[in-house]
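Raw contents of target.cif, mmCIF, C-alpha atoms:
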```
data_coords
loop_
_atom_site.label_atom_id
_atom_site.label_comp_id
_atom_site.auth_asym_id
_atom_site.auth_seq_id
_atom_site.Cartn_x
_atom_site.Cartn_y
_atom_site.Cartn_z
CA MET P 288 -5.39 5.62 2.75
CA MET P 289 -6.80 3.76 -0.27
CA THR P 290 -10.49 4.36 -1.05
CA LEU P 291 -12.72 1.56 -2.33
CA ALA P 292 -12.93 3.38 -5.68
CA ASP P 293 -9.09 3.45 -5.92
CA LEU P 294 -9.01 -0.22 -5.05
CA ALA P 295 -11.58 -1.00 -7.77
CA TYR P 296 -9.56 0.91 -10.33
CA ARG P 297 -6.33 -0.92 -9.47
CA LEU P 298 -7.99 -4.35 -9.27
CA ASN P 299 -9.52 -3.95 -12.74
CA ASP P 300 -6.03 -3.24 -14.04
CA HIS P 301 -4.30 -6.06 -12.20
CA GLU P 302 -3.25 -9.54 -13.26
CA SER P 303 -1.75 -11.88 -10.68
CA ASP P 304 1.31 -14.06 -11.31
CA ASP P 305 -0.86 -17.05 -12.21
CA GLY P 306 -3.04 -15.07 -14.59
CA THR P 307 -6.01 -14.25 -12.34
CA THR P 308 -7.77 -11.02 -13.21
CA PHE P 309 -10.46 -9.14 -11.30
CA ASP P 310 -13.73 -7.47 -12.08
CA ALA P 311 -14.44 -4.77 -9.49
CA MET P 312 -17.28 -2.29 -9.27
CA VAL P 313 -18.49 0.08 -6.56
CA MET P 314 -22.21 -0.44 -6.09
CA GLU P 315 -24.91 2.08 -5.22
CA ASP P 316 -24.70 1.38 -1.51
CA GLY P 317 -20.94 2.07 -1.58
CA VAL P 318 -19.96 -1.58 -1.26
CA LEU P 319 -17.26 -2.77 -3.68
CA GLU P 320 -18.16 -5.96 -5.53
CA VAL P 321 -15.18 -8.00 -6.72
CA THR P 322 -15.00 -11.23 -8.69
CA CYS P 323 -11.92 -13.24 -9.70
CA THR P 324 -11.73 -14.94 -13.09
CA GLY P 325 -13.31 -18.37 -12.86
CA PHE P 326 -15.07 -17.59 -9.59
CA GLU P 327 -17.75 -15.23 -10.89
CA GLU P 328 -20.49 -17.27 -9.19
CA PHE P 329 -19.35 -16.13 -5.74
CA PRO P 330 -18.66 -12.38 -5.69
CA MET P 331 -16.86 -10.81 -2.75
CA HIS P 332 -18.20 -7.65 -1.18
CA LEU P 333 -15.67 -5.22 0.21
CA THR P 334 -16.28 -2.45 2.67
CA LYS P 335 -14.15 -0.63 5.24
CA THR P 336 -14.14 0.81 8.71
CA GLU P 337 -11.70 3.41 10.06
CA THR P 338 -8.98 0.78 10.40
CA GLN P 339 -9.91 -2.30 8.39
CA LEU P 340 -10.79 -3.49 4.93
CA ILE P 341 -13.44 -6.18 5.22
CA SER P 342 -14.27 -8.63 2.46
CA VAL P 343 -17.38 -10.76 2.64
CA THR P 344 -18.49 -13.64 0.45
CA PRO P 345 -22.09 -14.62 1.22
CA LEU P 346 -22.23 -18.43 0.94
CA PHE P 347 -25.85 -19.53 1.38
CA SER P 348 -28.87 -18.85 3.52
CA LYS P 349 -30.00 -20.92 6.49
CA ASP P 350 -33.04 -21.95 4.42
CA GLU P 351 -30.75 -23.75 1.99
CA VAL P 352 -29.45 -26.10 4.70
CA LYS P 353 -31.06 -29.56 4.77
CA ALA P 354 -33.52 -30.11 7.60
CA ASP P 355 -31.74 -31.46 10.71
CA SER P 356 -28.29 -30.72 9.21
CA LEU P 357 -27.75 -27.32 10.84
CA GLY P 358 -25.92 -28.82 13.84
CA GLU P 359 -23.58 -30.79 11.60
CA LEU P 360 -23.01 -27.70 9.45
CA HIS P 361 -22.06 -25.61 12.50
CA GLU P 362 -19.63 -28.27 13.68
CA SER P 363 -18.13 -28.57 10.18
CA PHE P 364 -17.58 -24.80 10.08
CA LEU P 365 -15.95 -24.80 13.51
CA ARG P 366 -13.65 -27.62 12.38
CA LEU P 367 -12.86 -25.91 9.08
CA SER P 368 -12.08 -22.50 10.59
CA PRO P 369 -8.54 -23.27 11.84
CA ALA P 370 -7.69 -24.58 8.36
CA LEU P 371 -8.60 -21.22 6.84
CA PRO P 372 -6.04 -18.87 8.38
CA LEU P 373 -6.96 -15.90 6.18
CA SER P 374 -10.72 -16.32 6.12
CA SER P 375 -13.36 -16.92 8.75
CA VAL P 376 -16.83 -18.34 8.50
CA GLY P 377 -19.67 -16.40 10.08
CA LEU P 378 -23.39 -15.86 10.19
CA GLN P 379 -24.98 -12.54 9.25
CA GLY P 380 -28.70 -12.54 9.82
CA ASN P 381 -29.83 -15.58 7.90
CA THR P 382 -26.80 -15.77 5.65
CA PHE P 383 -23.63 -17.79 6.18
CA ILE P 384 -20.60 -15.81 5.07
CA LEU P 385 -16.90 -16.25 4.48
CA PHE P 386 -15.01 -13.13 5.44
CA GLY P 387 -11.55 -11.70 5.81
CA ALA P 388 -10.21 -8.49 7.30
CA MET P 389 -7.05 -6.59 6.49
CA ALA P 390 -5.47 -3.43 7.86
CA LEU P 391 -6.24 -0.42 5.67
CA SER P 392 -2.49 0.06 5.30
CA THR P 393 -2.10 -3.34 3.57
CA ARG P 394 -0.17 -3.10 0.28
CA PHE P 395 -2.30 -3.41 -2.87
CA GLU P 396 -0.51 -6.56 -4.11
CA VAL P 397 -1.20 -8.25 -0.78
CA VAL P 398 -4.89 -7.23 -0.89
CA ALA P 399 -5.19 -8.69 -4.41
CA HIS P 400 -3.52 -11.92 -3.27
CA GLU P 401 -5.79 -12.23 -0.23
CA LEU P 402 -8.86 -11.77 -2.43
CA GLU P 403 -7.65 -14.55 -4.72
CA ILE P 404 -7.19 -16.82 -1.69
CA GLN P 405 -10.65 -15.94 -0.41
CA ALA P 406 -12.19 -16.88 -3.78
CA GLU P 407 -10.39 -20.25 -3.63
CA ASN P 408 -11.35 -20.78 0.01
CA THR P 409 -15.00 -20.14 -0.89
CA ILE P 410 -15.01 -23.09 -3.28
CA ASP P 411 -13.15 -25.31 -0.77
CA VAL P 412 -15.59 -24.47 2.03
CA LEU P 413 -18.67 -24.97 -0.15
CA GLU P 414 -17.39 -28.31 -1.43
CA SER P 415 -16.88 -29.52 2.13
CA VAL P 416 -20.45 -28.75 3.19
CA GLU P 417 -22.26 -29.19 -0.14
CA HIS P 418 -23.79 -32.50 1.04
CA LEU P 419 -25.55 -30.65 3.87
CA LEU P 420 -27.35 -28.28 1.50
CA ASN P 421 -30.60 -28.61 -0.38
CA MET I 176 -17.95 -2.00 29.21
CA GLY I 177 -17.77 -4.67 26.56
CA VAL I 178 -20.00 -4.18 23.52
CA LEU I 179 -19.73 -7.78 22.31
CA ARG I 180 -22.30 -9.02 24.82
CA ASP I 181 -24.71 -6.23 23.85
CA MET I 182 -24.22 -7.04 20.17
CA MET I 183 -24.87 -10.73 20.80
CA THR I 184 -28.12 -9.92 22.59
CA ALA I 185 -29.30 -7.63 19.77
CA LEU I 186 -28.33 -10.14 17.08
CA ARG I 187 -30.09 -13.00 18.87
CA GLY I 188 -33.09 -10.71 19.08
CA GLY I 189 -33.09 -10.61 15.29
CA ALA I 190 -31.34 -7.32 14.50
CA SER I 191 -29.74 -8.27 11.23
CA GLU I 192 -30.85 -5.75 8.66
CA VAL I 193 -28.83 -2.69 7.75
CA GLY I 194 -29.88 0.27 9.84
CA GLU I 195 -31.15 -1.86 12.70
CA SER I 196 -29.28 -1.02 15.84
CA ILE I 197 -27.00 -3.86 16.90
CA VAL I 198 -25.99 -2.00 20.04
CA ASP I 199 -28.02 0.33 22.20
CA ALA I 200 -27.66 3.75 20.56
CA ASN I 201 -27.02 5.27 23.99
CA ALA I 202 -24.08 2.95 24.55
CA ILE I 203 -22.50 4.18 21.30
CA ARG I 204 -23.14 7.81 22.23
CA ILE I 205 -21.57 7.24 25.65
CA LEU I 206 -18.50 5.64 24.06
CA GLU I 207 -18.16 8.49 21.58
CA GLN I 208 -18.69 11.09 24.33
CA GLU I 209 -16.05 9.42 26.51
CA ILE I 210 -13.60 9.51 23.60
CA ARG I 211 -14.30 13.22 22.98
CA ASP I 212 -14.05 14.09 26.71
CA ALA I 213 -10.80 12.19 27.07
CA GLU I 214 -9.37 13.88 23.98
CA THR I 215 -10.33 17.35 25.28
CA ALA I 216 -8.87 16.54 28.70
CA ILE I 217 -5.65 15.33 27.11
CA ALA I 218 -5.34 18.47 24.97
CA GLY I 219 -5.74 20.66 28.10
CA ALA I 220 -3.41 18.52 30.16
CA ARG I 221 -0.73 18.60 27.47
CA GLN I 222 -0.76 22.41 27.47
CA SER I 223 -0.37 22.70 31.25
CA LEU I 224 2.18 19.89 31.18
CA THR I 225 4.31 21.91 28.76
CA ARG I 226 4.06 25.00 31.00
CA MET I 227 4.88 23.06 34.16
CA LYS I 228 7.76 21.18 32.58
CA SER I 229 9.36 24.41 31.33
CA ALA I 230 8.97 25.96 34.84
CA GLU I 231 10.54 22.83 36.32
CA ILE I 232 13.48 22.96 33.89
CA LYS I 233 13.99 26.65 34.74
CA LEU I 234 14.01 25.86 38.49
CA ARG I 235 16.47 23.00 38.00
CA ARG I 236 18.82 25.36 36.15
CA GLU I 237 18.51 28.00 38.94
CA VAL I 238 19.25 25.38 41.62
CA ALA I 239 22.37 24.36 39.71
CA THR I 240 23.50 28.01 39.38
CA LEU I 241 22.92 28.64 43.11
CA SER I 242 24.92 25.50 43.98
CA ASP I 243 27.77 26.74 41.79
CA ASP I 244 27.59 30.17 43.49
CA ALA I 245 27.67 28.58 46.95
CA ALA I 246 30.72 26.45 45.98
CA ASP I 247 32.42 29.52 44.56
CA TYR I 248 31.83 31.50 47.80
CA GLU I 249 33.07 28.54 49.88
CA ARG I 250 36.38 28.65 48.02
CA LYS I 251 36.55 32.41 48.62
CA ALA I 252 35.69 32.06 52.33
CA LEU I 253 38.48 29.49 52.73
CA ALA I 254 40.87 31.83 50.95
CA ALA I 255 39.88 34.65 53.35
CA LEU I 256 40.41 32.33 56.35
CA ASN I 257 43.81 31.31 55.01
CA ALA I 258 44.68 34.97 54.65
CA GLY I 259 43.65 35.53 58.31
CA GLU I 260 40.66 37.67 57.27
CA GLU I 261 38.24 36.24 59.84
CA ALA I 262 35.70 39.09 59.56
CA LEU I 263 35.56 38.88 55.78
CA ALA I 264 35.25 35.09 55.94
CA THR I 265 32.26 35.49 58.31
CA GLU I 266 30.54 37.83 55.86
CA VAL I 267 31.11 35.38 53.04
CA ALA I 268 29.75 32.54 55.24
CA GLU I 269 26.55 34.54 55.79
CA ARG I 270 26.27 35.03 52.05
CA ILE I 271 26.72 31.26 51.55
CA ALA I 272 23.95 30.55 54.07
CA GLU I 273 21.59 32.90 52.17
CA ILE I 274 22.40 31.27 48.87
CA GLU I 275 21.90 27.77 50.33
CA ASP I 276 18.53 28.82 51.79
CA GLU I 277 17.40 30.10 48.42
CA ARG I 278 18.73 27.00 46.68
CA ASN I 279 16.90 24.63 49.08
CA ASP I 280 13.62 26.53 48.60
CA LYS I 281 13.92 26.28 44.82
CA ALA I 282 14.96 22.61 44.99
CA ARG I 283 11.82 21.80 47.04
CA GLU I 284 9.67 23.73 44.59
CA GLN I 285 11.33 21.93 41.67
CA ALA I 286 10.79 18.49 43.29
CA SER I 287 7.10 19.13 43.91
CA LEU I 288 6.67 20.47 40.38
CA ASN I 289 8.40 17.36 39.09
CA ASP I 290 5.90 15.19 41.00
CA GLU I 291 3.03 17.17 39.46
CA VAL I 292 4.47 16.71 35.97
CA ASP I 293 4.72 12.96 36.62
CA LYS I 294 1.11 12.84 37.83
CA ILE I 295 -0.21 14.70 34.79
CA HIS I 296 1.87 12.51 32.53
CA LYS I 297 0.36 9.39 34.08
CA MET I 298 -3.12 10.90 33.80
CA ILE I 299 -2.57 11.54 30.08
CA LYS I 300 -1.39 7.94 29.60
CA ALA I 301 -4.48 6.63 31.42
CA ARG I 302 -6.77 8.82 29.32
CA GLU I 303 -5.04 7.64 26.16
CA ARG I 304 -5.64 4.04 27.21
CA THR I 305 -9.33 4.85 27.73
CA ILE I 306 -9.50 6.38 24.27
CA GLN I 307 -7.81 3.37 22.68
CA LYS I 308 -10.08 0.95 24.54
CA ASN I 309 -13.23 2.85 23.55
CA LYS I 310 -12.06 3.11 19.97
CA ARG I 311 -11.53 -0.66 19.89
CA GLU I 312 -15.06 -1.17 21.23
CA LEU I 313 -16.48 1.21 18.62
CA GLU I 314 -14.49 -0.58 15.92
CA LYS I 315 -16.24 -3.84 16.86
CA VAL I 316 -19.62 -2.19 16.38
CA ARG I 317 -18.55 -0.53 13.11
CA THR I 318 -17.16 -3.84 11.82
CA MET I 319 -20.45 -5.56 12.56
CA GLU I 320 -22.38 -2.75 10.84
CA GLU I 321 -20.13 -2.91 7.77
CA LEU I 322 -20.45 -6.71 7.65
CA GLN I 323 -24.22 -6.28 7.64
CA ARG I 324 -23.98 -3.80 4.78
CA ALA I 325 -21.65 -5.98 2.71
CA THR I 326 -23.78 -9.06 3.24
CA SER I 327 -27.20 -7.53 2.75
CA SER I 328 -26.84 -6.58 -0.93
CA VAL I 329 -25.98 -10.14 -1.93
CA SER I 330 -28.43 -11.72 0.50
CA LYS I 331 -31.21 -9.93 -1.32
CA ASN I 332 -30.15 -11.81 -4.45
CA PHE I 333 -30.31 -15.05 -2.46
CA ALA I 334 -33.88 -14.24 -1.60
CA ALA I 335 -34.65 -14.04 -5.31
CA THR I 336 -32.76 -17.17 -6.35
CA GLY I 337 -32.34 -19.00 -3.06
CA SER I 338 -35.62 -20.83 -3.31
CA SER I 339 -34.38 -22.88 -6.27
CA SER I 340 -32.99 -26.15 -5.00
CA HIS I 341 -29.31 -27.07 -5.38
CA ARG I 342 -28.39 -23.42 -6.01
CA VAL I 343 -24.95 -23.90 -4.40
CA SER I 344 -24.31 -27.23 -6.14
CA LYS I 345 -25.20 -25.76 -9.50
CA ALA I 346 -23.00 -22.73 -8.92
CA LEU I 347 -20.13 -24.97 -7.78
CA GLU I 348 -20.60 -27.07 -10.89
CA ARG I 349 -20.35 -23.97 -13.09
CA VAL I 350 -17.18 -22.84 -11.29
CA LYS I 351 -15.61 -26.30 -11.69
CA ASN I 352 -16.54 -26.37 -15.38
CA LYS I 353 -14.91 -22.99 -15.87
CA GLN I 354 -11.79 -24.19 -14.05
CA GLN I 355 -11.75 -27.39 -16.16
CA ASN I 356 -12.16 -25.37 -19.38
CA TRP I 357 -9.34 -23.16 -18.33
CA GLN I 358 -7.10 -26.15 -17.62
CA ASP I 359 -8.10 -27.75 -20.96
CA ARG I 360 -7.18 -24.54 -22.74
CA MET I 361 -3.84 -24.48 -20.94
CA GLN I 362 -3.20 -28.11 -21.98
CA ALA I 363 -4.23 -27.34 -25.55
CA GLY I 364 -1.80 -24.43 -25.53
CA ASP I 365 1.00 -26.72 -24.31
CA TRP I 366 0.16 -29.32 -26.95
CA LEU I 367 0.16 -26.75 -29.75
CA GLU I 368 3.48 -25.37 -28.58
CA GLU I 369 4.97 -28.87 -28.56
CA GLN I 370 3.63 -29.62 -32.05
CA GLU I 371 4.97 -26.41 -33.43
CA SER I 372 8.41 -27.08 -32.03
CA THR I 373 8.38 -30.68 -33.53
CA ASP I 374 7.29 -29.35 -36.92
CA ASP I 375 10.03 -26.85 -36.67
CA ILE I 376 12.66 -29.58 -36.14
CA ASP I 377 11.38 -31.61 -39.15
CA ALA I 378 11.43 -28.55 -41.36
CA ARG I 379 14.96 -27.73 -40.33
CA LEU I 380 16.11 -31.32 -40.97
CA ARG I 381 14.55 -31.24 -44.45
CA ALA I 382 16.21 -27.96 -45.21
CA LYS I 383 19.57 -29.57 -44.46
CA GLY I 384 18.76 -32.52 -46.73
CA ILE I 385 18.54 -34.79 -43.67
CA GLU I 386 15.27 -36.66 -43.77
CA GLY I 387 13.92 -39.76 -42.14
CA ALA I 388 13.05 -42.88 -44.14
CA ALA I 389 12.58 -41.94 -47.81
CA ARG I 390 9.09 -42.37 -49.23
CA PRO I 391 8.89 -45.51 -51.40
CA GLY I 392 9.12 -44.47 -55.07
CA ALA I 393 7.53 -46.14 -58.17
CA THR I 394 10.78 -48.09 -58.82
CA ASP I 395 10.55 -49.70 -55.38
CA VAL I 396 6.89 -50.65 -55.93
CA LEU I 397 7.64 -52.20 -59.36
CA ALA I 398 10.58 -54.18 -57.90
CA ARG I 399 8.24 -55.46 -55.15
CA LEU I 400 5.59 -56.51 -57.68
CA LYS I 401 8.19 -58.30 -59.84
CA ALA I 402 9.47 -60.16 -56.80
CA LYS I 403 5.89 -61.24 -56.03
CA GLN I 404 5.40 -62.45 -59.64
CA ALA I 405 8.64 -64.48 -59.55
CA SER I 406 7.65 -66.29 -56.37
#
```
Spell out the structure here as C-alpha cells.
Amino acid sequence: MMTLADLAYRLNDHESDDGTTFDAMVMEDGVLEVTCTGFEEFPMHLTKTETQLISVTPLFSKDEVKADSLGELHESFLRLSPALPLSSVGLQGNTFILFGAMALSTRFEVVAHELEIQAENTIDVLESVEHLLN
Amino acid sequence: MGVLRDMMTALRGGASEVGESIVDANAIRILEQEIRDAETAIAGARQSLTRMKSAEIKLRREVATLSDDAADYERKALAALNAGEEALATEVAERIAEIEDERNDKAREQASLNDEVDKIHKMIKARERTIQKNKRELEKVRTMEELQRATSSVSKNFAATGSSSHRVSKALERVKNKQQNWQDRMQAGDWLEEQESTDDIDARLRAKGIEGAARPGATDVLARLKAKQAS
C-alpha cells in the first residue's frame, strides 16, 4: 500500500504525456500538498483512510460568495456535478471544496492522471461560478 | 445504524474543525466494539467449525465403510443360502442387522453434525456481513474526518487572504496567464522549428548551386540607367 510520502516522491519525479509535472510535499499535519504545473494557485490536498486516497481542492469560502447568490451557487454546483464524473463538489465547514476519491490500490499512473484532471476541473468549476463571487 | 444522519446533525450544529467530533464518540466506540466482538466470535466459530467438519467427514467415511461391509455380508449370506447352509446364513443375517444398526446410528449423527456445520457457517457469514457493514459505516466517518483535515490547512490560508475581494478571479487570471504563456511558448517553439527547417532547405539549395532569383549585379543596374537615359 502506497504511503503519502511514497506518492510525493513519485509525483515529484513524474511527467505526464502532455508535459505536466507535479510539485508534492508532505506537510506538518501529514497532509500531502500537490500542485500541477500551471495550476499552482489551487493546490490539492491529499490524505487517506484505510481504503481510499482522498484529494481535496479548497475552492473558496462562503464569505466570498456575493450576497443573495448562495442559492444560485448551490444550484449551479448541483447542475455541474454530473458533468464532473471524477470530482465532486462539497462543503467543509465554511469552505467549498472540489474532491475526488480513489481506491488505495489505484496504480500510480492513474492517480497522477486523476490529479491532473482534478486541477483542470478546478479551473472549469471556478470559471462557471466566478460571476457569483465577490 | 446509519452514521450519515448523525454526521449531518453534527455538521449542521457547526462541527467543522479538525478534532471536533462529527459523530457521537459512543457511536464510534460501539461500532468498533461490534467489529471486534464479531471478529472474536468468527475466530472461535472457525475453530469449532474445523473440528466439527473433520468429525463429520470421519463419520461419513465410517458410514460408507459400514455400508460396504453390509453389502459384502449380504453377498456371503446369499452364497450360504445357495449352498444350503441355512444356519450359517442366519448368523450372517444377524451380523448384517448389527452392522446396519451401527451404520444408521452413525448416519443420523453425521446428518445432525452436518446441520450444525451449516448453522455455524451461516452464523459466520452473518457476522462477516455485520463486520463489513460496520466497517463501511466507520469508513464514512473516517472519510469525513480526513476531508476536514485536508481542507482545514488551506482554509486557514483563506482566512488570511480571503478578505481581499476578487481573490478567486485574480487567481483564475494568473492561471489563465500562465496557460497562455505556456501556449505562446509552444507556438514560438513551433515557429522556430519551422524557420530552422526553411533555412536548412535554402542552405542546401545554395550548396548545390541552385538558388532562387539572382541578386541584381552592377552590370544590370548600369544597363537599367542607360535605358532610362535613352528614353
Residues of chain I at most 7 Å from chain P: nearest atom pair and distance in Å, only C-alpha atoms, as a Markdown table:
```
| residue | atom | partner | partner_atom | distance |
| --- | --- | --- | --- | --- |
| I:Ser191 | CA | P:Gly380 | CA | 4.6 |
| I:Arg317 | CA | P:Thr336 | CA | 6.4 |
| I:Thr318 | CA | P:Thr336 | CA | 6.4 |
| I:Glu321 | CA | P:Thr334 | CA | 6.4 |
| I:Gln323 | CA | P:Gln379 | CA | 6.5 |
| I:Ala325 | CA | P:His332 | CA | 5.5 |
| I:Thr326 | CA | P:Pro345 | CA | 6.2 |
| I:Val329 | CA | P:Pro345 | CA | 6.7 |
| I:Ser330 | CA | P:Thr382 | CA | 6.8 |
| I:Ser340 | CA | P:Asn421 | CA | 5.8 |
| I:His341 | CA | P:Asn421 | CA | 5.4 |
| I:Ser344 | CA | P:Glu417 | CA | 6.6 |
| I:Ala346 | CA | P:Glu328 | CA | 6.0 |
| I:Val350 | CA | P:Phe326 | CA | 5.9 |
| I:Lys353 | CA | P:Gly325 | CA | 5.7 |
| I:Gln354 | CA | P:Gly325 | CA | 6.1 |
```
Expected file: the selected residues, C-alpha atoms, as an mmCIF file, keeping the file's coordinate frame:
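Resulting contents of result_13.cif:
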```cif
data_model
loop_
_atom_site.group_PDB
_atom_site.id
_atom_site.type_symbol
_atom_site.label_atom_id
_atom_site.label_comp_id
_atom_site.auth_asym_id
_atom_site.auth_seq_id
_atom_site.Cartn_x
_atom_site.Cartn_y
_atom_site.Cartn_z
ATOM 1 C CA SER I 191 -29.740 -8.270 11.230
ATOM 2 C CA ARG I 317 -18.550 -0.530 13.110
ATOM 3 C CA THR I 318 -17.160 -3.840 11.820
ATOM 4 C CA GLU I 321 -20.130 -2.910 7.770
ATOM 5 C CA GLN I 323 -24.220 -6.280 7.640
ATOM 6 C CA ALA I 325 -21.650 -5.980 2.710
ATOM 7 C CA THR I 326 -23.780 -9.060 3.240
ATOM 8 C CA VAL I 329 -25.980 -10.140 -1.930
ATOM 9 C CA SER I 330 -28.430 -11.720 0.500
ATOM 10 C CA SER I 340 -32.990 -26.150 -5.000
ATOM 11 C CA HIS I 341 -29.310 -27.070 -5.380
ATOM 12 C CA SER I 344 -24.310 -27.230 -6.140
ATOM 13 C CA ALA I 346 -23.000 -22.730 -8.920
ATOM 14 C CA VAL I 350 -17.180 -22.840 -11.290
ATOM 15 C CA LYS I 353 -14.910 -22.990 -15.870
ATOM 16 C CA GLN I 354 -11.790 -24.190 -14.050
#
```
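One distance worth recording is that between CA of Asn408 in chain P and CA of Met183 in chain I, which is 26.8 Å.
With all atoms listed in the file taken into account, every residue lying no more than 12 Å from the file point (-8.9, 15.8, 26.8) is included here: Gln208, Glu209, Ile210, Arg211, Asp212, Ala213, Glu214, Thr215, Ala216, Ile217, Ala218, Gly219, Ala220, Arg221, Gln222, Ser223, Ile295, Met298, Ile299, Lys300, Ala301, Arg302, Glu303, Thr305 and Ile306 of chain I.
The residue that comes closest to Leu360 in chain P, out of P:Val313, P:Val376, P:Ala406, P:Ala295 and on the basis of all atoms listed in the file, is P:Val376.
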Practice task
Kindly resolve the PyMOL selection byres ((chain P and resi 374) around 6) on the present coordinates and return the residues as a PyMOL selection string.
Solution key: chain P and resi 371-373+375+386-387
Practice task
Using the chain letters and residue numbers of this document, give as a PyMOL selection string the residues selected by the PyMOL selection byres ((chain I and resi 251) around 12).
Solution key: chain I and resi 244-250+252-258+260-261+263-268+270-271
Would you write out those residues with C-alpha atoms, as a PDB file, in the frame of the given file?
```pdb
ATOM      1  CA  ASP I 244      27.590  30.170  43.490  1.00  0.00           C
ATOM      2  CA  ALA I 245      27.670  28.580  46.950  1.00  0.00           C
ATOM      3  CA  ALA I 246      30.720  26.450  45.980  1.00  0.00           C
ATOM      4  CA  ASP I 247      32.420  29.520  44.560  1.00  0.00           C
ATOM      5  CA  TYR I 248      31.830  31.500  47.800  1.00  0.00           C
ATOM      6  CA  GLU I 249      33.070  28.540  49.880  1.00  0.00           C
ATOM      7  CA  ARG I 250      36.380  28.650  48.020  1.00  0.00           C
ATOM      8  CA  ALA I 252      35.690  32.060  52.330  1.00  0.00           C
ATOM      9  CA  LEU I 253      38.480  29.490  52.730  1.00  0.00           C
ATOM     10  CA  ALA I 254      40.870  31.830  50.950  1.00  0.00           C
ATOM     11  CA  ALA I 255      39.880  34.650  53.350  1.00  0.00           C
ATOM     12  CA  LEU I 256      40.410  32.330  56.350  1.00  0.00           C
ATOM     13  CA  ASN I 257      43.810  31.310  55.010  1.00  0.00           C
ATOM     14  CA  ALA I 258      44.680  34.970  54.650  1.00  0.00           C
ATOM     15  CA  GLU I 260      40.660  37.670  57.270  1.00  0.00           C
ATOM     16  CA  GLU I 261      38.240  36.240  59.840  1.00  0.00           C
ATOM     17  CA  LEU I 263      35.560  38.880  55.780  1.00  0.00           C
ATOM     18  CA  ALA I 264      35.250  35.090  55.940  1.00  0.00           C
ATOM     19  CA  THR I 265      32.260  35.490  58.310  1.00  0.00           C
ATOM     20  CA  GLU I 266      30.540  37.830  55.860  1.00  0.00           C
ATOM     21  CA  VAL I 267      31.110  35.380  53.040  1.00  0.00           C
ATOM     22  CA  ALA I 268      29.750  32.540  55.240  1.00  0.00           C
ATOM     23  CA  ARG I 270      26.270  35.030  52.050  1.00  0.00           C
ATOM     24  CA  ILE I 271      26.720  31.260  51.550  1.00  0.00           C
TER      25      ILE I 271
END
```
Problem - Ser392 in chain P environment, 10 Å, all atoms listed in the file, sequence neighbours closer than 2 positions dropped, as an MDAnalysis selection string - result: chainID P and resid 288:289 338:340 389:390 394:395 398
Exercise for the section: Quick one: everything within 12 Å of Thr308 in chain P, counting all atoms listed in the file, minus sequence neighbours fewer than 5 positions away in the same chain. Send it as a PyMOL selection string. Expected result: chain P and resi 297-303+321-327+399-400+402-403+406
Fill in the blank from the handout: Expressed in Å, the length from CA of Leu206 in chain I to CA of Asn309 in chain I is 6.0 Å
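For the atom pair formed by CA of Glu231 in chain I and CA of Ala286 in chain I, the distance is 8.2 Å, given to one decimal.
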Centre, edges in Å (one decimal): axis-aligned box, range 390-409 of chain P, 3 Å padding on all six sides, as lines of an AutoDock Vina configuration file:
```
center_x = -7.6
center_y = -10.4
center_z = 1.6
size_x = 20.8
size_y = 26.8
size_z = 18.6
```
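Selection around (17.4, 30.1, 46.5) with radius 6 Å, counting all atoms listed in the file, yields the residues Ile274, Asp276, Glu277, Arg278, Asp280 and Lys281 of chain I.
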